[in-house]
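Below: data_33.cif (mmCIF, C-alpha atoms)
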data_structure
loop_
_atom_site.label_atom_id
_atom_site.label_comp_id
_atom_site.auth_asym_id
_atom_site.auth_seq_id
_atom_site.Cartn_x
_atom_site.Cartn_y
_atom_site.Cartn_z
CA MET A 1 160.97 178.90 147.17
CA THR A 2 160.49 178.09 143.48
CA VAL A 3 160.17 174.39 142.72
CA PRO A 4 162.70 173.39 140.02
CA ASP A 5 161.53 171.42 137.03
CA VAL A 6 164.14 168.72 137.51
CA THR A 7 166.55 167.46 140.14
CA VAL A 8 169.66 165.62 139.02
CA VAL A 9 170.93 163.17 141.66
CA ILE A 10 174.58 162.06 141.56
CA ALA A 11 176.15 159.49 143.88
CA VAL A 12 179.90 160.11 143.90
CA TYR A 13 182.66 157.76 144.98
CA ASN A 14 186.18 157.92 143.52
CA THR A 15 185.19 158.77 139.96
CA MET A 16 187.98 161.20 139.14
CA PRO A 17 188.84 162.36 136.53
CA TYR A 18 185.45 161.49 134.95
CA LEU A 19 183.55 163.56 137.50
CA THR A 20 184.77 166.81 135.93
CA ALA A 21 183.11 166.07 132.57
CA CYS A 22 179.94 165.04 134.40
CA LEU A 23 179.70 168.33 136.31
CA ASP A 24 180.65 170.46 133.32
CA SER A 25 177.81 168.89 131.30
CA LEU A 26 175.35 169.96 134.00
CA VAL A 27 176.62 173.52 134.04
CA ARG A 28 176.07 173.70 130.26
CA GLN A 29 172.41 172.59 130.33
CA THR A 30 170.28 174.82 128.11
CA ILE A 31 167.24 174.40 130.36
CA GLY A 32 168.85 177.07 132.55
CA HIS A 33 170.08 176.91 136.12
CA ALA A 34 166.86 178.45 137.46
CA ARG A 35 164.84 175.43 136.34
CA MET A 36 167.14 172.72 137.70
CA GLU A 37 169.06 171.63 140.77
CA VAL A 38 171.88 169.11 141.29
CA VAL A 39 172.10 167.06 144.47
CA ALA A 40 175.52 165.42 144.70
CA VAL A 41 176.24 162.99 147.54
CA ASP A 42 179.91 162.30 148.17
CA ASP A 43 180.09 158.76 149.56
CA GLY A 44 183.47 159.16 151.24
CA SER A 45 185.61 159.74 148.15
CA THR A 46 189.38 159.65 148.66
CA ASP A 47 190.45 160.87 145.19
CA GLY A 48 189.60 164.55 145.57
CA GLY A 49 186.08 164.18 144.21
CA GLY A 50 184.48 165.66 147.32
CA GLU A 51 186.64 168.76 147.09
CA LEU A 52 185.79 169.14 143.40
CA LEU A 53 182.07 169.07 144.24
CA ASP A 54 182.56 171.81 146.81
CA SER A 55 184.39 173.97 144.27
CA TYR A 56 181.56 173.66 141.73
CA ALA A 57 179.00 174.50 144.41
CA ALA A 58 180.99 177.63 145.29
CA ARG A 59 181.28 178.71 141.65
CA HIS A 60 177.60 178.06 140.85
CA PRO A 61 175.55 179.07 143.91
CA GLY A 62 172.03 177.71 143.90
CA LEU A 63 172.77 175.02 141.31
CA PHE A 64 174.69 172.42 143.35
CA GLN A 65 173.79 171.02 146.75
CA VAL A 66 176.63 168.85 148.07
CA VAL A 67 176.35 166.31 150.87
CA HIS A 68 179.33 164.45 152.34
CA GLN A 69 179.01 161.15 154.16
CA ALA A 70 181.14 158.18 155.22
CA ASN A 71 181.51 155.46 152.63
CA SER A 72 178.48 153.17 152.56
CA GLY A 73 179.95 150.41 150.41
CA GLY A 74 177.73 150.88 147.38
CA PRO A 75 175.76 153.37 145.26
CA ALA A 76 172.33 152.68 146.77
CA ALA A 77 172.67 154.62 150.05
CA PRO A 78 174.03 157.87 148.56
CA THR A 79 171.45 157.68 145.76
CA ASN A 80 168.63 157.32 148.27
CA ARG A 81 169.96 160.24 150.29
CA GLY A 82 170.06 162.41 147.19
CA LEU A 83 166.55 161.32 146.22
CA ALA A 84 165.26 162.26 149.67
CA LEU A 85 166.58 165.81 149.13
CA ALA A 86 165.14 166.19 145.61
CA ARG A 87 162.62 169.03 145.10
CA GLY A 88 162.04 168.98 141.34
CA ARG A 89 158.91 167.87 139.56
CA TYR A 90 161.11 165.26 137.91
CA VAL A 91 164.25 163.48 139.05
CA LEU A 92 167.08 162.16 136.89
CA PHE A 93 169.83 159.86 138.19
CA LEU A 94 173.23 160.54 136.63
CA GLY A 95 176.30 158.38 137.08
CA ALA A 96 179.28 160.35 138.37
CA ASP A 97 181.40 159.02 135.51
CA ASP A 98 178.74 159.79 132.88
CA TRP A 99 177.59 163.06 131.28
CA LEU A 100 174.67 164.69 129.48
CA GLY A 101 174.24 166.33 126.09
CA ASP A 102 173.75 170.09 126.43
CA GLU A 103 170.03 170.01 125.53
CA ALA A 104 169.23 166.82 127.45
CA LEU A 105 167.25 168.20 130.38
CA ALA A 106 165.31 170.73 128.30
CA ARG A 107 164.24 168.05 125.83
CA MET A 108 163.34 165.51 128.50
CA VAL A 109 161.28 167.86 130.67
CA GLY A 110 159.51 169.33 127.65
CA SER A 111 158.54 165.94 126.25
CA ALA A 112 157.48 164.54 129.62
CA ASP A 113 155.21 167.56 130.12
CA ASP A 114 153.74 167.27 126.63
CA TRP A 115 153.05 163.53 126.96
CA GLY A 116 152.19 163.31 130.66
CA SER A 117 154.99 160.79 131.15
CA ASP A 118 155.66 159.26 134.54
CA VAL A 119 158.88 157.69 133.25
CA LEU A 120 160.82 158.96 130.25
CA ILE A 121 163.76 157.06 128.73
CA PRO A 122 166.26 159.34 126.96
CA LYS A 123 168.50 158.12 124.15
CA GLN A 124 171.71 156.76 125.64
CA VAL A 125 175.03 155.95 124.01
CA GLY A 126 178.10 154.15 125.26
CA VAL A 127 181.56 155.71 125.51
CA ASN A 128 184.89 153.81 125.55
CA GLY A 129 183.16 150.59 124.54
CA ARG A 130 180.38 150.73 127.16
CA LEU A 131 177.60 148.36 126.11
CA VAL A 132 174.22 150.08 125.99
CA PRO A 133 171.28 148.07 124.57
CA GLN A 134 169.77 150.10 121.75
CA GLY A 135 166.54 148.23 121.03
CA ILE A 136 164.37 150.60 123.05
CA PHE A 137 165.70 153.55 121.03
CA ASP A 138 164.42 152.46 117.62
CA THR A 139 162.04 155.39 117.57
CA THR A 140 160.64 158.18 119.70
CA ALA A 141 157.38 157.04 121.28
CA ALA A 142 154.94 158.76 123.60
CA SER A 143 153.96 155.44 125.17
CA VAL A 144 155.66 152.03 125.31
CA GLY A 145 155.17 148.84 127.30
CA PHE A 146 156.99 145.64 128.10
CA GLU A 147 154.88 143.73 125.60
CA ASP A 148 155.54 145.91 122.54
CA SER A 149 159.11 147.19 123.00
CA ALA A 150 162.55 146.39 124.38
CA LEU A 151 161.64 148.01 127.69
CA ALA A 152 162.73 144.94 129.65
CA TRP A 153 166.26 145.63 128.39
CA ALA A 154 166.23 149.19 129.74
CA LEU A 155 165.96 148.76 133.50
CA ALA A 156 168.83 150.97 134.63
CA ASP A 157 167.68 154.09 136.47
CA THR A 158 169.23 156.37 133.83
CA LYS A 159 165.81 157.90 133.20
CA LEU A 160 163.59 160.82 134.06
CA PHE A 161 161.04 159.93 136.76
CA ARG A 162 158.08 161.98 137.92
CA LEU A 163 158.93 162.65 141.55
CA ASP A 164 155.29 162.38 142.63
CA LEU A 165 155.22 158.77 141.37
CA VAL A 166 158.34 157.96 143.39
CA ARG A 167 156.97 159.59 146.54
CA ARG A 168 153.48 158.03 146.32
CA HIS A 169 154.87 154.51 146.12
CA ASN A 170 157.83 155.03 148.47
CA LEU A 171 160.28 153.86 145.82
CA ALA A 172 163.94 153.68 146.75
CA ARG A 173 167.00 151.60 146.03
CA LYS A 174 167.62 148.47 148.09
CA GLU A 175 170.73 149.38 150.04
CA GLU A 176 171.66 145.78 150.80
CA LEU A 177 172.34 145.16 147.11
CA LYS A 178 175.88 145.76 145.87
CA VAL A 179 174.86 145.61 142.20
CA TYR A 180 171.63 146.00 140.20
CA SER A 181 170.15 148.06 143.07
CA ASP A 182 168.66 150.40 140.47
CA GLN A 183 166.77 147.71 138.56
CA PRO A 184 164.11 146.86 141.20
CA PHE A 185 163.52 150.60 141.63
CA THR A 186 163.18 151.20 137.89
CA LEU A 187 161.02 148.15 137.33
CA ALA A 188 158.64 149.10 140.13
CA ALA A 189 158.37 152.63 138.76
CA CYS A 190 157.66 151.37 135.23
CA LEU A 191 155.06 148.85 136.39
CA ARG A 192 153.27 151.54 138.40
CA ALA A 193 153.59 154.30 135.79
CA ARG A 194 150.60 155.53 133.85
CA ARG A 195 152.82 156.28 130.86
CA ILE A 196 156.37 155.37 129.87
CA SER A 197 157.89 157.33 126.99
CA VAL A 198 161.02 157.10 124.84
CA LEU A 199 162.91 160.09 123.47
CA ALA A 200 165.24 158.75 120.78
CA ASP A 201 165.96 161.73 118.52
CA TYR A 202 168.94 163.18 120.44
CA ASP A 203 171.93 161.72 122.28
CA HIS A 204 170.93 162.70 125.80
CA TYR A 205 172.93 160.49 128.11
CA PHE A 206 176.54 159.30 127.63
CA LEU A 207 177.51 156.24 129.68
CA VAL A 208 181.25 155.88 130.12
CA LEU A 209 183.19 152.64 130.55
CA ARG A 210 186.10 153.60 132.75
CA GLU A 211 189.53 152.60 131.54
CA ASP A 212 190.19 150.82 134.85
CA ARG A 213 186.82 149.02 134.54
CA GLY A 214 186.01 150.54 137.91
CA ASN A 215 182.28 150.93 137.21
CA VAL A 216 180.26 149.26 139.96
CA THR A 217 178.65 146.68 137.67
CA GLN A 218 181.98 145.75 136.14
CA ARG A 219 183.54 144.80 139.49
CA ALA A 220 180.55 143.05 141.07
CA GLY A 221 180.90 139.46 142.25
CA ALA A 222 178.80 136.52 141.10
CA LEU A 223 176.84 136.09 144.32
CA ASP A 224 176.07 139.82 144.41
CA ARG A 225 174.68 139.50 140.89
CA ILE A 226 172.48 136.57 141.88
CA ARG A 227 171.03 138.56 144.79
CA GLY A 228 170.42 141.49 142.48
CA VAL A 229 168.59 139.41 139.88
CA ALA A 230 166.46 137.83 142.62
CA ALA A 231 165.43 141.29 143.85
CA VAL A 232 164.32 142.28 140.35
CA GLN A 233 162.37 139.07 139.86
CA TRP A 234 160.57 139.55 143.19
CA VAL A 235 159.31 142.91 141.94
CA ALA A 236 158.22 141.32 138.67
CA ALA A 237 156.41 138.51 140.48
CA GLU A 238 154.56 141.02 142.65
CA LEU A 239 153.66 143.72 140.13
CA ALA A 240 153.88 142.41 136.56
CA ALA A 241 150.81 141.08 134.79
CA PRO A 242 151.05 137.32 134.11
CA GLY A 243 151.65 136.50 130.48
CA ALA A 244 153.50 138.68 128.00
CA GLN A 245 154.53 141.38 130.48
CA LEU A 246 155.97 139.02 133.08
CA ASP A 247 157.56 136.79 130.44
CA ALA A 248 159.40 139.73 128.87
CA ILE A 249 161.04 140.54 132.20
CA ARG A 250 161.90 136.92 132.89
CA ALA A 251 163.36 136.40 129.42
CA ARG A 252 165.61 139.45 129.78
CA HIS A 253 167.35 138.27 132.97
CA PHE A 254 167.39 134.56 132.22
CA GLY A 255 168.56 135.32 128.70
CA TRP A 256 171.36 137.70 129.70
CA GLU A 257 172.46 138.36 133.31
CA VAL A 258 172.00 134.83 134.65
CA PRO A 259 173.67 132.90 131.77
CA GLN A 260 176.69 135.21 132.10
CA LEU A 261 177.36 133.50 135.43
CA LEU A 262 177.62 130.10 133.73
CA GLN A 263 180.38 130.86 131.26
CA GLU A 264 184.05 129.89 131.25
CA GLY A 265 184.81 132.20 134.17
CA LEU A 266 182.84 129.85 136.43
CA LEU A 267 185.56 127.22 136.04
CA ALA A 268 188.19 129.59 137.47
CA LEU A 269 186.33 130.02 140.78
CA ASP A 270 187.34 127.99 143.82
CA THR A 271 185.23 124.91 144.42
CA GLY A 272 183.14 126.35 147.24
CA LEU A 273 182.23 129.55 145.43
CA ARG A 274 181.56 127.67 142.20
CA GLU A 275 179.07 125.42 143.99
CA GLN A 276 177.37 128.44 145.56
CA VAL A 277 176.99 130.09 142.16
CA CYS A 278 175.49 126.93 140.64
CA GLU A 279 173.11 126.53 143.57
CA GLY A 280 172.12 130.19 143.40
CA VAL A 281 171.41 130.04 139.67
CA GLY A 282 169.43 126.83 140.11
CA GLU A 283 167.31 128.47 142.80
CA LEU A 284 166.59 131.44 140.51
CA VAL A 285 165.41 129.11 137.75
CA ARG A 286 163.14 127.11 140.03
CA GLN A 287 161.76 130.02 142.04
CA PHE A 288 161.00 132.51 139.29
CA GLY A 289 159.58 130.37 136.50
CA ALA A 290 162.51 130.50 134.09
CA ARG A 291 161.40 127.25 132.43
CA GLU A 292 158.28 129.04 131.20
CA VAL A 293 160.45 131.24 128.96
CA TYR A 294 163.02 128.65 127.89
CA HIS A 295 161.56 128.80 124.38
CA ARG A 296 162.68 132.44 124.18
CA LEU A 297 166.28 131.73 125.19
CA ALA A 298 169.28 130.59 123.19
CA VAL A 299 170.02 126.86 123.37
CA PRO A 300 173.37 127.22 125.21
CA ASP A 301 171.70 129.36 127.87
CA ARG A 302 168.72 127.14 128.58
CA VAL A 303 170.83 123.96 128.67
CA ARG A 304 173.16 125.53 131.23
CA LEU A 305 170.25 126.85 133.28
CA GLU A 306 168.56 123.46 133.38
CA LEU A 307 171.75 121.67 134.41
CA ALA A 308 172.07 124.11 137.29
CA ALA A 309 168.39 123.82 138.20
CA THR A 310 168.58 120.02 138.35
CA GLY A 311 171.79 119.99 140.40
CA ARG A 312 173.94 118.52 137.62
CA TYR A 313 176.95 120.65 138.44
CA ALA A 314 179.58 118.21 137.17
CA GLU A 315 177.84 117.94 133.80
CA LEU A 316 177.53 121.73 133.71
CA ARG A 317 181.27 122.17 134.25
CA GLU A 318 182.03 119.57 131.59
CA LEU A 319 179.73 121.28 129.10
CA ILE A 320 181.32 124.69 129.69
CA ALA A 321 184.81 123.24 129.33
CA HIS A 322 183.86 121.29 126.21
CA GLU A 323 182.41 124.34 124.48
CA ALA A 324 185.39 126.49 125.51
CA GLU A 325 187.72 123.96 123.87
CA HIS A 326 185.68 122.88 120.84
CA GLY A 327 183.34 125.78 120.17
CA ALA A 328 179.66 125.41 119.30
CA PRO A 329 178.45 121.81 119.14
CA PRO A 330 177.58 120.13 115.83
CA GLU A 331 174.00 119.97 114.66
CA VAL A 332 172.02 116.79 114.17
CA SER A 333 168.68 116.62 112.44
CA GLU A 334 165.91 114.07 112.12
CA THR A 335 162.45 113.90 110.67
CA GLY A 336 159.71 112.76 112.98
CA ALA A 337 156.58 110.80 112.23
CA ASP A 338 154.77 114.11 111.92
CA GLY A 339 156.88 115.02 108.88
CA VAL A 340 158.73 117.80 110.72
CA ARG A 341 162.49 117.97 110.47
CA ARG A 342 164.07 119.10 113.73
CA ARG A 343 167.63 120.34 114.25
CA TYR A 344 169.34 119.86 117.59
CA ALA A 345 172.56 121.06 119.21
CA ALA A 346 174.49 117.85 119.83
CA TYR A 347 176.06 118.69 123.18
CA PRO A 348 177.66 115.75 125.01
CA VAL A 349 174.62 115.64 127.32
CA PHE A 350 172.15 115.49 124.41
CA ARG A 351 170.08 112.32 124.86
CA ASP A 352 172.32 111.20 127.67
CA GLY A 353 170.27 108.71 129.63
CA ALA A 354 171.91 109.54 132.94
CA THR A 355 171.24 113.26 132.60
CA GLY A 356 167.74 112.92 131.17
CA LEU A 357 167.37 116.39 129.70
CA PRO A 358 164.42 116.70 127.28
CA ASP A 359 165.12 117.11 123.56
CA GLU A 360 163.30 120.46 123.54
CA LEU A 361 166.18 122.10 125.41
CA PHE A 362 168.51 121.37 122.50
CA LEU A 363 166.11 122.31 119.70
CA LEU A 364 167.64 124.82 117.28
CA GLY A 365 164.80 124.95 114.79
CA GLU A 366 162.26 122.92 112.89
CA GLU A 367 160.68 122.94 109.47
CA ARG A 368 158.32 120.82 107.45
CA ALA A 369 160.35 118.14 105.70
CA GLU A 370 160.04 117.50 101.97
CA VAL A 371 158.13 114.24 101.78
CA PRO A 372 159.44 111.95 99.00
CA VAL A 373 156.96 110.85 96.38
CA ASP A 374 155.27 107.57 97.30
CA PRO A 375 154.33 105.70 94.10
CA GLU A 376 151.62 103.88 95.99
CA ALA A 377 150.06 107.17 97.04
CA GLY A 378 149.87 108.54 93.54
CA GLY A 379 152.69 111.04 94.21
CA LYS A 380 152.89 113.94 96.63
CA GLY A 381 150.21 116.46 95.93
CA GLY A 382 148.48 114.14 93.43
CA PRO A 383 144.80 113.31 93.23
CA PRO A 384 142.98 111.53 96.04
CA PRO A 385 143.66 107.78 96.17
CA THR A 386 141.42 105.75 93.92
CA LEU A 387 139.32 102.79 95.03
CA VAL A 388 142.03 100.39 93.80
CA GLN A 389 144.67 102.23 95.83
CA GLN A 390 142.48 102.35 98.91
CA LEU A 391 141.84 98.60 98.69
CA TRP A 392 145.55 97.87 98.09
CA ARG A 393 146.72 100.08 100.97
CA GLY A 394 143.89 99.11 103.29
CA ALA A 395 144.17 95.38 102.78
CA VAL A 396 147.96 95.04 102.75
CA PRO A 397 150.03 96.42 105.67
CA ALA A 398 152.80 98.89 104.74
CA GLN A 399 155.61 96.60 105.91
CA VAL A 400 154.24 93.75 103.79
CA ARG A 401 153.84 96.05 100.76
CA ARG A 402 157.47 97.15 101.03
CA ARG A 403 158.65 93.54 101.32
CA LEU A 404 156.52 92.36 98.40
CA ARG A 405 157.98 95.04 96.14
CA GLY A 406 161.17 93.00 96.22
CA TYR A 407 159.47 90.50 93.93
CA PRO A 408 159.12 91.52 90.23
CA ALA A 409 155.52 90.38 89.90
CA TRP A 410 154.37 92.24 92.95
CA ARG A 411 156.42 95.30 91.95
CA ARG A 412 154.60 95.40 88.59
CA LEU A 413 151.29 95.25 90.44
CA ALA A 414 152.31 98.12 92.75
CA ASP A 415 153.48 100.16 89.76
CA ALA A 416 150.16 99.52 88.07
CA VAL A 417 148.33 100.69 91.17
CA ALA A 418 150.50 103.86 91.27
CA ALA A 419 149.86 104.45 87.56
CA ASP A 420 146.16 104.08 88.19
CA GLY A 421 146.47 106.82 90.81
CA ARG A 422 148.42 109.14 88.51
CA ASN A 423 145.75 108.69 85.86
CA GLY A 424 143.04 109.51 88.37
CA GLY A 425 141.61 105.98 87.98
CA ARG A 426 141.16 106.43 84.23
CA ARG A 427 142.44 103.87 81.65
#
Show me, as structure tokens, the structure contained in the file I just sent.
Amino acid sequence: MTVPDVTVVIAVYNTMPYLTACLDSLVRQTIGHARMEVVAVDDGSTDGGGELLDSYAARHPGLFQVVHQANSGGPAAPTNRGLALARGRYVLFLGADDWLGDEALARMVGSADDWGSDVLIPKQVGVNGRLVPQGIFDTTAASVGFEDSALAWALADTKLFRLDLVRRHNLARKEELKVYSDQPFTLAACLRARRISVLADYDHYFLVLREDRGNVTQRAGALDRIRGVAAVQWVAAELAAPGAQLDAIRARHFGWEVPQLLQEGLLALDTGLREQVCEGVGELVRQFGAREVYHRLAVPDRVRLELAATGRYAELRELIAHEAEHGAPPEVSETGADGVRRRYAAYPVFRDGATGLPDELFLLGEERAEVPVDPEAGGKGGPPPTLVQQLWRGAVPAQVRRRLRGYPAWRRLADAVAADGRNGGRR
């Protein structure tokens, strides 16, 4: 039996009417039906999706393989079953409510063969307002890494994977996860891949936001999200190289998924669930080194994370409520002894003795302050202090010099010393 170039795996559960567009896009693929196969696993659909799959398989013999099973409760189990049946040199995971551009498979397989890619990321676009991070798609690239691209923001399994890589490392989705089950799989594949490529010159993959917001990620609960993030971070801790690679993965989740759990919606949860969410977030911060990437996070995010990590749940709730009512906090600035002006977000917990959070958490930015001209120093940027100035400044403490300038006679002497400096010691 001829080995197809690519297997497309689809996990299907109640995705009508979107499933029709998904299947039609596969029928239209210019790579040709002889070079591809579709493995569709119906996870107990009750909306007619299973029957639709059977009708496409009947109309296109040899293209579709359909498997029916009882509902498993999530996308991981049907995806794994489809992956186990895959025969292609490459495998692509396609959401049952998403669809492909007509040339998608031909372009992906051709580029992966040319470049020797183990993982290839095709250009993806959102439909109906679906948010799809675009940083990774700045340009087509034969090879990218976590350190030099936005790869950490592209961890969904909406990619082309070399099946041999998946088989050699026994990669599969974690079926106990209700959400983000694809991210540990994708991350492990990327960290084990010899080459990761990006194909950004064609709209390959269209991700659809369902009108009922019925996408799995959209309906996931907070505790499910925490478990999903933990699973991803375990993979990172095991496989990622310490330093830039590991930090990029940490910064992505602690700068996006985790802070989303500490927004205004937290206040609407019942007390018990709210405490569990705060405890879960705090454990993520402490266990997976989030503090090491605080400098890469936005101030509101790192302040919230630290309040959760230190068990200050009441202060966390108050901060969320305060910002929801008043908006972003005002800025305060001060110039330190080092001549650097620092700007801080003046949250209610800023420099609160009881809370004890360090100033660095609230730091918005810093710049070298303009130092005012000191007459005694000969002016900023002037010539080096003369012997007279050195004696004056060395013999008389600064506080005494400032106090003496209140007397006319002493002020004339100080002015003379400053003038001597401006003249470079020449009379």
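This file, queried with the PyMOL selection byres ((chain A and resi 272-283) around 8), gives the residues Ala222, Leu223, Ile226, Val258, Leu261, Leu262, Leu266, Leu267, Leu269, Asp270, Thr271, Leu284, Val285, Arg286, Gln287, Leu305, Glu306, Ala308, Ala309, Thr310, Gly311 and Tyr313 of chain A.
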Same residues, C-alpha atoms, saved as a PDB file, keeping the file's coordinate frame:
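As written to disk, part.pdb reads:
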ATOM      1  CA  ALA A 222     178.800 136.520 141.100  1.00  0.00           C
ATOM      2  CA  LEU A 223     176.840 136.090 144.320  1.00  0.00           C
ATOM      3  CA  ILE A 226     172.480 136.570 141.880  1.00  0.00           C
ATOM      4  CA  VAL A 258     172.000 134.830 134.650  1.00  0.00           C
ATOM      5  CA  LEU A 261     177.360 133.500 135.430  1.00  0.00           C
ATOM      6  CA  LEU A 262     177.620 130.100 133.730  1.00  0.00           C
ATOM      7  CA  LEU A 266     182.840 129.850 136.430  1.00  0.00           C
ATOM      8  CA  LEU A 267     185.560 127.220 136.040  1.00  0.00           C
ATOM      9  CA  LEU A 269     186.330 130.020 140.780  1.00  0.00           C
ATOM     10  CA  ASP A 270     187.340 127.990 143.820  1.00  0.00           C
ATOM     11  CA  THR A 271     185.230 124.910 144.420  1.00  0.00           C
ATOM     12  CA  LEU A 284     166.590 131.440 140.510  1.00  0.00           C
ATOM     13  CA  VAL A 285     165.410 129.110 137.750  1.00  0.00           C
ATOM     14  CA  ARG A 286     163.140 127.110 140.030  1.00  0.00           C
ATOM     15  CA  GLN A 287     161.760 130.020 142.040  1.00  0.00           C
ATOM     16  CA  LEU A 305     170.250 126.850 133.280  1.00  0.00           C
ATOM     17  CA  GLU A 306     168.560 123.460 133.380  1.00  0.00           C
ATOM     18  CA  ALA A 308     172.070 124.110 137.290  1.00  0.00           C
ATOM     19  CA  ALA A 309     168.390 123.820 138.200  1.00  0.00           C
ATOM     20  CA  THR A 310     168.580 120.020 138.350  1.00  0.00           C
ATOM     21  CA  GLY A 311     171.790 119.990 140.400  1.00  0.00           C
ATOM     22  CA  TYR A 313     176.950 120.650 138.440  1.00  0.00           C
TER      23      TYR A 313
END
* **Result set of the PyMOL selection byres ((chain A and resi 30) around 9) on the coordinates above, as JSON, numbers by chain** => {"A": [27, 28, 29, 31, 32, 33, 102, 103, 104, 105, 106]}
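Interatomic distance, atom CA of A:Gln69 against atom CA of A:Val41: 7.4 Å.
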* **Spatial neighbours of stretch 177-179 of chain A, max dist 8 Å, only C-alpha atoms, sep filter under 6 positions, as a PyMOL selection string** => chain A and resi 73-76+216-217+220+224-225+227-228
Suppose we keep C-alpha atoms; can you now write the selection as a PDB file, in the frame of the given file?
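This is the output file part_28.pdb:
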ATOM      1  CA  GLY A  73     179.950 150.410 150.410  1.00  0.00           C
ATOM      2  CA  GLY A  74     177.730 150.880 147.380  1.00  0.00           C
ATOM      3  CA  PRO A  75     175.760 153.370 145.260  1.00  0.00           C
ATOM      4  CA  ALA A  76     172.330 152.680 146.770  1.00  0.00           C
ATOM      5  CA  VAL A 216     180.260 149.260 139.960  1.00  0.00           C
ATOM      6  CA  THR A 217     178.650 146.680 137.670  1.00  0.00           C
ATOM      7  CA  ALA A 220     180.550 143.050 141.070  1.00  0.00           C
ATOM      8  CA  ASP A 224     176.070 139.820 144.410  1.00  0.00           C
ATOM      9  CA  ARG A 225     174.680 139.500 140.890  1.00  0.00           C
ATOM     10  CA  ARG A 227     171.030 138.560 144.790  1.00  0.00           C
ATOM     11  CA  GLY A 228     170.420 141.490 142.480  1.00  0.00           C
TER      12      GLY A 228
END
Go ahead and fit an axis-aligned box to every listed atom of stretch 50-69 of chain A plus 8 Å each side, and pass me the centre and edge lengths in Å, one decimal, as lines of an AutoDock Vina configuration file.
center_x = 179.3
center_y = 170.1
center_z = 147.5
size_x = 30.6
size_y = 33.9
size_z = 29.3
So that each row is one residue of stretch 1-93 of chain A with an atom at most 9 Å from stretch 153-166 of chain A, can you give its shortest atom pair and the distance in Å to one decimal, using all atoms listed in the file, rows by chain and rising number, as a tab-separated table?
residue	atom	partner	partner_atom	distance
A:Val6	CA	A:Leu160	CA	8.6
A:Ala86	CA	A:Leu163	CA	8.2
A:Arg87	CA	A:Leu163	CA	8.2
A:Gly88	CA	A:Leu163	CA	7.1
A:Arg89	CA	A:Leu163	CA	5.6
A:Tyr90	CA	A:Arg162	CA	4.5
A:Val91	CA	A:Phe161	CA	5.3
A:Leu92	CA	A:Leu160	CA	4.7
A:Phe93	CA	A:Thr158	CA	5.6
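Between atom CA of A:Ala150 and atom CA of A:Tyr205 there is a distance of 17.9 Å.
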* To do: For stretch 50-64 of chain A, work out the shell of residues within 8 Å, counting all atoms listed in the file and skipping chain neighbours fewer than 2 positions away, then give it as a ChimeraX atom specification.
  => /A:12,20,23,33-34,36-40,42,44-48,66,68
